[in-house]
Structure formats: structure tokens, C-alpha cells
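Containing compact mmCIF, C-alpha atoms and all ligand atoms: data.txt.
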```
# COMPACT_ATOMS: atom_id res chain seq x y z
CA MET A 26 62.04 -59.90 -115.75
CA LYS A 27 61.88 -58.32 -112.29
CA PRO A 28 61.96 -54.50 -112.30
CA PRO A 29 65.30 -53.15 -111.06
CA ILE A 30 65.49 -51.97 -107.46
CA VAL A 31 67.70 -49.38 -105.83
CA ILE A 32 69.41 -49.78 -102.47
CA ALA A 33 70.37 -46.31 -101.26
CA VAL A 34 73.37 -46.16 -98.91
CA ASP A 35 74.08 -42.73 -97.47
CA GLY A 36 76.25 -41.66 -94.57
CA THR A 37 79.09 -39.59 -93.19
CA SER A 38 82.61 -39.53 -94.68
CA ALA A 39 84.61 -42.73 -94.09
CA SER A 40 81.61 -44.45 -92.51
CA GLY A 41 82.26 -47.57 -94.60
CA LYS A 42 79.75 -46.75 -97.35
CA SER A 43 82.02 -47.77 -100.22
CA THR A 44 83.32 -51.06 -98.80
CA THR A 45 79.89 -52.05 -97.54
CA SER A 46 78.10 -51.09 -100.77
CA LYS A 47 80.67 -52.86 -102.96
CA HIS A 48 80.42 -56.03 -100.87
CA LEU A 49 76.63 -55.87 -100.79
CA ALA A 50 76.44 -55.39 -104.57
CA LYS A 51 78.65 -58.47 -105.08
CA LEU A 52 76.56 -60.58 -102.70
CA LEU A 53 73.34 -59.65 -104.48
CA GLY A 54 74.65 -59.42 -108.05
CA PHE A 55 73.68 -55.74 -108.23
CA VAL A 56 75.58 -52.93 -109.93
CA TYR A 57 77.59 -50.69 -107.59
CA VAL A 58 77.50 -46.90 -108.04
CA ASP A 59 79.86 -44.62 -106.12
CA THR A 60 78.25 -41.19 -106.55
CA GLY A 61 81.06 -39.55 -104.53
CA ALA A 62 83.40 -40.62 -107.34
CA MET A 63 81.14 -38.82 -109.82
CA TYR A 64 81.36 -35.59 -107.80
CA ARG A 65 85.11 -36.15 -107.36
CA THR A 66 85.49 -36.48 -111.13
CA LEU A 67 84.12 -32.97 -111.54
CA GLY A 68 86.33 -31.67 -108.68
CA TRP A 69 89.36 -33.31 -110.33
CA TYR A 70 88.41 -31.91 -113.74
CA CYS A 71 88.11 -28.36 -112.34
CA LEU A 72 91.52 -28.58 -110.67
CA LYS A 73 93.06 -29.99 -113.84
CA HIS A 74 91.63 -27.17 -115.96
CA GLN A 75 92.25 -24.47 -113.32
CA ILE A 76 88.58 -23.73 -112.91
CA ASP A 77 87.81 -21.90 -109.67
CA VAL A 78 85.63 -24.34 -107.69
CA ASN A 79 84.03 -21.41 -105.87
CA ALA A 80 82.85 -19.76 -109.12
CA GLU A 81 79.34 -21.26 -109.13
CA ARG A 82 78.30 -20.24 -112.64
CA THR A 83 81.56 -21.31 -114.24
CA VAL A 84 81.41 -24.71 -112.53
CA ALA A 85 77.74 -25.14 -113.51
CA ASN A 86 78.62 -24.29 -117.14
CA THR A 87 81.58 -26.68 -117.08
CA CYS A 88 79.33 -29.45 -115.92
CA ARG A 89 76.85 -28.73 -118.70
CA ARG A 90 79.58 -28.93 -121.33
CA TRP A 91 82.16 -31.50 -120.28
CA ASN A 92 82.34 -34.65 -122.36
CA THR A 93 81.22 -37.54 -120.17
CA THR A 94 79.85 -41.06 -120.50
CA LEU A 95 78.60 -43.62 -118.02
CA GLU A 96 80.30 -46.98 -118.30
CA CYS A 97 79.42 -50.16 -116.44
CA ALA A 98 82.40 -52.52 -116.12
CA ASP A 99 82.89 -55.42 -113.68
CA GLY A 100 79.66 -54.62 -111.89
CA GLN A 101 80.59 -51.00 -111.23
CA VAL A 102 79.57 -47.73 -112.89
CA HIS A 103 82.24 -45.20 -113.80
CA LEU A 104 81.82 -41.65 -115.06
CA LEU A 105 84.36 -41.25 -117.85
CA VAL A 106 85.50 -37.80 -118.87
CA ASP A 107 86.92 -37.51 -122.38
CA GLY A 108 86.84 -41.32 -122.32
CA VAL A 109 89.08 -41.52 -119.24
CA ASN A 110 88.49 -42.84 -115.72
CA PRO A 111 90.75 -40.76 -113.42
CA GLY A 112 90.95 -43.66 -110.90
CA ARG A 113 93.27 -43.08 -107.91
CA GLU A 114 93.73 -39.41 -108.84
CA LEU A 115 90.24 -38.82 -107.43
CA ARG A 116 91.38 -39.74 -103.91
CA THR A 117 93.82 -36.94 -103.04
CA SER A 118 92.96 -34.51 -100.25
CA GLU A 119 93.10 -31.61 -102.77
CA VAL A 120 90.37 -33.28 -104.82
CA SER A 121 88.37 -34.00 -101.62
CA THR A 122 88.43 -30.34 -100.64
CA ALA A 123 87.57 -29.10 -104.15
CA THR A 124 84.77 -31.66 -104.41
CA SER A 125 83.12 -30.59 -101.20
CA ARG A 126 82.89 -27.08 -102.72
CA ILE A 127 81.40 -28.13 -106.05
CA ALA A 128 79.01 -30.55 -104.28
CA ALA A 129 77.36 -27.51 -102.67
CA ASN A 130 76.45 -26.15 -106.13
CA ALA A 131 72.71 -26.69 -106.82
CA LYS A 132 73.18 -26.84 -110.62
CA VAL A 133 75.91 -29.43 -110.26
CA ARG A 134 73.63 -31.49 -108.03
CA GLU A 135 70.82 -31.35 -110.62
CA TRP A 136 73.22 -32.62 -113.29
CA MET A 137 74.54 -35.38 -111.03
CA LYS A 138 71.04 -36.48 -110.06
CA ARG A 139 70.08 -36.90 -113.73
CA ARG A 140 73.20 -38.93 -114.46
CA GLN A 141 72.76 -41.03 -111.32
CA ARG A 142 69.17 -41.89 -112.20
CA GLU A 143 70.35 -42.95 -115.67
CA CYS A 144 72.36 -45.71 -113.96
CA LEU A 145 69.12 -47.73 -113.73
CA GLN A 146 69.78 -48.67 -117.37
CA PHE A 147 72.42 -51.08 -115.98
CA GLY A 148 69.99 -52.97 -113.68
CA SER A 149 69.40 -53.13 -109.91
CA LEU A 150 71.74 -50.83 -108.02
CA VAL A 151 73.53 -50.37 -104.75
CA MET A 152 74.12 -46.63 -104.91
CA GLU A 153 76.12 -44.85 -102.24
CA GLY A 154 76.41 -41.15 -101.50
CA ARG A 155 75.00 -38.41 -99.30
CA ASP A 156 71.57 -37.74 -100.80
CA ILE A 157 70.54 -40.96 -102.52
CA GLY A 158 67.63 -41.72 -100.18
CA THR A 159 66.61 -38.08 -99.75
CA ASN A 160 67.04 -36.72 -103.26
CA VAL A 161 68.25 -39.04 -106.03
CA PHE A 162 65.93 -42.01 -105.46
CA PRO A 163 63.51 -40.80 -102.77
CA GLU A 164 60.95 -43.34 -104.02
CA THR A 165 63.01 -46.39 -103.04
CA ASP A 166 61.88 -48.36 -99.97
CA PHE A 167 65.44 -49.51 -99.30
CA LYS A 168 67.36 -46.74 -97.58
CA TYR A 169 70.33 -47.08 -95.22
CA PHE A 170 72.36 -44.48 -93.36
CA LEU A 171 75.80 -45.54 -92.15
CA ASP A 172 77.78 -43.84 -89.44
CA ALA A 173 80.68 -44.59 -87.09
CA HIS A 174 82.52 -42.74 -84.32
CA LEU A 175 84.68 -39.88 -85.62
CA GLU A 176 87.92 -41.43 -84.26
CA GLU A 177 87.22 -44.69 -86.04
CA ARG A 178 86.39 -42.90 -89.29
CA ALA A 179 89.62 -40.87 -89.06
CA ARG A 180 91.56 -44.12 -88.45
CA ARG A 181 89.98 -45.70 -91.56
CA ARG A 182 90.92 -42.73 -93.74
CA ALA A 183 94.46 -42.64 -92.33
CA ALA A 184 94.80 -46.36 -93.15
CA GLU A 185 94.07 -45.40 -96.77
CA GLY A 186 96.95 -42.91 -96.54
CA VAL A 187 94.64 -39.88 -96.54
CA HIS A 188 94.69 -37.34 -93.70
CA GLU A 189 91.83 -34.90 -93.77
CA ASN A 190 89.54 -33.03 -91.45
CA LEU A 191 86.49 -35.29 -91.57
CA ALA A 192 84.51 -33.29 -89.04
CA ALA A 193 84.91 -30.13 -91.16
CA ARG A 194 83.90 -31.95 -94.35
CA ASP A 195 80.85 -33.52 -92.70
CA GLN A 196 79.87 -30.12 -91.41
CA GLN A 197 80.18 -28.62 -94.89
CA ASP A 198 78.20 -31.51 -96.42
CA SER A 199 75.47 -31.23 -93.75
CA GLN A 200 75.10 -27.48 -93.77
CA ARG A 201 74.93 -26.73 -97.49
CA ALA A 202 71.59 -25.51 -98.80
CA ALA A 203 71.45 -27.95 -101.75
CA ALA A 204 70.55 -31.53 -100.74
CA PRO A 205 72.49 -31.52 -97.45
CA LEU A 206 73.61 -34.76 -95.86
CA MET A 207 70.75 -35.96 -93.68
CA ILE A 208 68.98 -39.14 -92.71
CA ALA A 209 66.19 -39.94 -95.18
CA LEU A 210 62.73 -40.54 -93.81
CA GLY A 211 62.36 -44.26 -93.19
CA ALA A 212 66.10 -44.95 -93.52
CA LYS A 213 67.62 -47.61 -91.30
CA VAL A 214 70.52 -46.07 -89.39
CA ILE A 215 73.48 -48.39 -88.81
CA ASN A 216 76.37 -47.32 -86.58
CA ASN A 217 79.04 -49.76 -87.70
CA SER A 218 81.80 -48.80 -85.21
CA GLY A 219 83.65 -52.01 -84.41
CA MET A 220 81.51 -53.97 -86.87
CA THR A 221 82.80 -56.00 -89.83
CA ILE A 222 81.64 -55.32 -93.40
CA PRO A 223 79.88 -58.72 -93.74
CA ALA A 224 78.06 -58.05 -90.45
CA THR A 225 76.82 -54.69 -91.77
CA CYS A 226 75.71 -56.38 -95.01
CA ASP A 227 73.85 -59.06 -93.00
CA ILE A 228 71.85 -56.33 -91.25
CA ILE A 229 70.97 -54.72 -94.59
CA ILE A 230 70.02 -58.02 -96.25
CA ALA A 231 67.79 -59.00 -93.29
CA ASP A 232 66.09 -55.61 -93.52
CA LEU A 233 65.64 -55.90 -97.31
CA ARG A 234 63.93 -59.25 -96.84
CA GLN A 235 61.77 -57.93 -94.04
CA LYS A 236 60.65 -55.15 -96.37
CA GLY A 237 59.74 -57.69 -99.04
CA ALA A 238 62.60 -57.19 -101.49
CA ALA A 239 63.08 -60.30 -103.62
CA VAL A 240 66.85 -60.52 -103.14
CA GLU A 241 68.88 -63.69 -103.44
CA LEU A 242 72.51 -64.23 -102.56
CA ARG A 243 74.62 -65.16 -105.56
CA PRO A 244 75.82 -68.77 -105.25
CA ALA A 245 79.51 -67.80 -105.57
CA ALA A 246 79.13 -65.14 -102.90
CA SER A 247 77.12 -67.07 -100.27
O1 LIG B 1 81.97 -40.10 -100.59
P1 LIG B 1 83.13 -39.21 -101.04
O2 LIG B 1 84.06 -38.83 -99.91
O3 LIG B 1 83.87 -39.78 -102.19
O4 LIG B 1 82.41 -37.87 -101.54
C1 LIG B 1 83.13 -36.81 -102.08
C2 LIG B 1 82.40 -35.50 -101.82
O5 LIG B 1 81.21 -35.44 -102.60
C3 LIG B 1 81.99 -35.23 -100.37
O6 LIG B 1 82.30 -33.90 -100.05
C4 LIG B 1 80.51 -35.41 -100.37
C5 LIG B 1 80.10 -35.15 -101.78
N1 LIG B 1 78.98 -36.00 -102.19
C6 LIG B 1 77.75 -35.44 -102.20
O7 LIG B 1 77.58 -34.28 -101.84
N2 LIG B 1 76.68 -36.17 -102.61
C7 LIG B 1 76.83 -37.45 -103.00
N3 LIG B 1 75.76 -38.14 -103.41
C8 LIG B 1 78.10 -38.04 -102.97
C9 LIG B 1 79.18 -37.29 -102.54
```
Transcribe the structure of this file into C-alpha cells.
Amino acid sequence: MKPPIVIAVDGTSASGKSTTSKHLAKLLGFVYVDTGAMYRTLGWYCLKHQIDVNAERTVANTCRRWNTTLECADGQVHLLVDGVNPGRELRTSEVSTATSRIAANAKVREWMKRRQRECLQFGSLVMEGRDIGTNVFPETDFKYFLDAHLEERARRRAAEGVHENLAARDQQDSQRAAAPLMIALGAKVINNSGMTIPATCDIIIADLRQKGAAVELRPAAS
């Protein structure tokens, strides 16, 4: 059996990471991991249990103790908490704001990194986030950084019914001390403004092949 490989997809908020990564994972028959959803699950959990997201030690302790499991269903990994997947509840602007705070916590990031690396048990991965190429799987040769113009990103979020200050969140994600959002060394940067999802996937697949990855399109998806 071929050893599993990791495709790291990082980028700014609403840069199309999720849609692109999901589509790419389907095309290649890889497992999709949304690491933002893992961070959001902790943000959601803190709000639900009235834990102050700015209290670093309390949040770090919470994350050491909460009852979680990784589940792979329909080609996607979910972080369950007390056996539950919070689903759409992770997408509110309150959870986004809380999550950006807890994502700056170095202890939380250590915990998340361990959990995210455990996802390899499910096979080859398309993993999206902010620090996958720089911090979680720095050893992978397959790193991509997605971006798009701010106005287009704001339009995409608004189309999902979410209005938030993307520039402020990107600034917070880029300026934190712990694993800030940045372009990994050797990452291919793709500005996908005005580009379709399949077109972005085509660029990634061509690059994977050029780098020698043995990837094949799944018959149903080609
Ligand atoms: O991608 P998203 O909007 O669902 O991410 C939610 C928050 O988590 C966002 O503030 C960035 C942060 N995050 C992170 O710091 N590192 C990751 N690997 C994924 C998300």
C-alpha cells in the first residue's frame, strides 16, 4: 500500500479553502480535514460553558480535559465533543470571534496539532487551515496558499449569510505569536479571485503531478 500523503491548504479567511479542499479531496479520493472547524468546536464549547476565551490557562485546561473523539464519516473528519458534532452552530459570527481568540493560545495550538496529525490514521489527507504547511505537517512537499481580493472574500462570506470583519480577523490570525498565518516555504500561492473551484483544483493537481505525487482522479469524479 502507498504511504498516505498530506496536501496542506492554507490561506486567508473566505479564500475558498473549504470548497476547494472538499472538491479536491473528492476528486482524489482523499479524506478532507477542516482544522478551522476543530478550533471552532473549542470556541463553541467555551461559549456554551461560559468559559472566558481570553483566560489562557482556563482555556488550555479545558482543552486538556474535554471529552473529544475524531470521527471519519463520508470522507470527512469531524471532532466530536461528548459524542456530538455541533455542525452549523460552529458558523455563527460569535463563534468566529471567540475562535480567533482561542486560536492565539499556544497550548491550544499544541493540542490541535497533535489531534490533526492523528488524522493520518484515516489515510491520505487534504487538510485546510492556517498553519498546516508551516506547523502541522511542515514535512509535506504539497503545500498551497489560497488568497483572493478582500471584496470578493467579503462577498463570499455574505453569500453564506455571515457578515464579519474579515480584515480584522486576518490581522489577528497573522499577528499572533503562536503559529501565525503565513505562507509556508515552498508553498504555491494561488490567488483565486474570479476563478472557479474546479479551475483552482486543476492548478493544484497539475502541481502535485509535477512534484511527483502519485495521484489519480477517481473514475466517478473525472
Ligand atoms: O477557517 P475558519 O474560518 O473556520 O477558522 C476559524 C478560526 O480558527 C480562524 O480565526 C482561524 C483559526 N484557525 C487557525 O488559527 N489555525 C487553523 N489551522 C485553522 C483555523
Dump as CSV the rows for residues of region 63-171 of chain A within 9 Å of region 27-42 of chain A: closest atom pair and distance in Å with one decimal, only C-alpha atoms counted, ordered by chain and rising residue number.
```
residue,atom,partner,partner_atom,distance
A:Leu145,CA,A:Pro29,CA,7.1
A:Gln146,CA,A:Pro29,CA,8.9
A:Phe147,CA,A:Pro29,CA,8.9
A:Gly148,CA,A:Pro29,CA,5.4
A:Ser149,CA,A:Pro29,CA,4.3
A:Leu150,CA,A:Val31,CA,4.8
A:Val151,CA,A:Ile32,CA,4.7
A:Met152,CA,A:Ala33,CA,5.2
A:Glu153,CA,A:Val34,CA,4.5
A:Gly154,CA,A:Asp35,CA,4.9
A:Arg155,CA,A:Asp35,CA,4.8
A:Asp156,CA,A:Asp35,CA,6.5
A:Ile157,CA,A:Ala33,CA,5.5
A:Gly158,CA,A:Ala33,CA,5.5
A:Val161,CA,A:Ala33,CA,8.9
A:Phe162,CA,A:Ala33,CA,7.5
A:Pro163,CA,A:Ala33,CA,8.9
A:Thr165,CA,A:Val31,CA,6.2
A:Asp166,CA,A:Ile32,CA,8.1
A:Phe167,CA,A:Ile32,CA,5.1
A:Lys168,CA,A:Ala33,CA,4.8
A:Tyr169,CA,A:Val34,CA,4.9
A:Phe170,CA,A:Asp35,CA,4.8
A:Leu171,CA,A:Gly36,CA,4.6
```
Q: Go through A:Ile230, A:Ala123, A:Ala212, A:Met220 one by one, measure the shortest atom-to-atom distance of each to ligand LIG 1 (chain B) using all atoms listed in the file, and give the residue with the smallest value.
A: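 Residue with the minimum atom-to-atom distance to ligand LIG 1 (chain B): A:Ala123.
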Q: Please check which residues have atoms at most 12 Å from (76.5, -40.1, -120.2) in the file's coordinates, counting only C-alpha atoms, and write them as a list in words.
A: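 These residues have at least one counted atom within 12 Å: Met63, Cys88, Arg89, Arg90, Trp91, Asn92, Thr93, Thr94, Leu95, Glu96, Cys97, Val102, His103, Leu104, Leu105, Val106, Asp107, Gly108, Trp136, Met137, Arg139, Arg140, Gln141, Arg142, Glu143, Cys144 and Gln146 of chain A.
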Q) Quick one: distance from CA of Glu81 (chain A) to CA of Gly112 (chain A) in Å, one decimal? A)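 Separating CA of Glu81 (chain A) from CA of Gly112 (chain A) is a distance of 25.3 Å.
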Q) With all atoms listed in the file as the atoms that count, which of A:Arg243, A:Val109, A:Trp69, A:Asp198 lies nearest to ligand LIG 1 (chain B)? A)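 Of all the options, A:Asp198 lies closest to ligand LIG 1 (chain B).
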Q | Polymer residues at most 12 Å from (79.6, -28.6, -96.3) by all atoms listed in the file, as a PyMOL selection string | A | chain A and resi 37-38+121-130+155+190-207
**Q.** Nearest residue to ligand LIG 1 (chain B) from the set A:Gly219, A:Gly100, A:Gly68, A:Gly54 (distances using all atoms listed in the file)
**A.** A:Gly68
Q | Nearest to ligand LIG 1 (chain B), chosen from A:Thr87, A:Ser43, A:Ser218, A:Gln101, with only C-alpha atoms and all ligand atoms counted in the distances | A |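 Closest candidate: A:Ser43.
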Q: Give me, please, the distance in Å between CA of Ala179 (chain A) and atom C6 of ligand LIG 1 (chain B), quoted to one decimal.
A: 18.5 Å
**Q.** Nearest to ligand LIG 1 (chain B) by atom-to-atom distance, counting only C-alpha atoms and all ligand atoms, from A:Ala50, A:Cys71, A:Leu115, A:Ile229
**A.**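 Among the listed residues, A:Leu115 lies closest to ligand LIG 1 (chain B).
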All file atoms of region 158-162 of chain A boxed axis-aligned, 6 Å per side, centre plus edges, as JSON:
```
{"center_x": 67.1, "center_y": -39.4, "center_z": -102.9, "size_x": 14.3, "size_y": 17.3, "size_z": 18.3}
```
Q) Closest to ligand LIG 1 (chain B) among A:Val120, A:Leu72, A:Ala85, A:Val78, using only C-alpha atoms and all ligand atoms? A)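 Distance minimum relative to ligand LIG 1 (chain B) lands on A:Val120.
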Q: Just give me the gap between atom C3 of ligand LIG 1 (chain B) and CA of Pro111 (chain A) in Å, one decimal is fine.
A: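 Answer for the atom C3 of ligand LIG 1 (chain B) to CA of Pro111 (chain A) separation: 16.7 Å.
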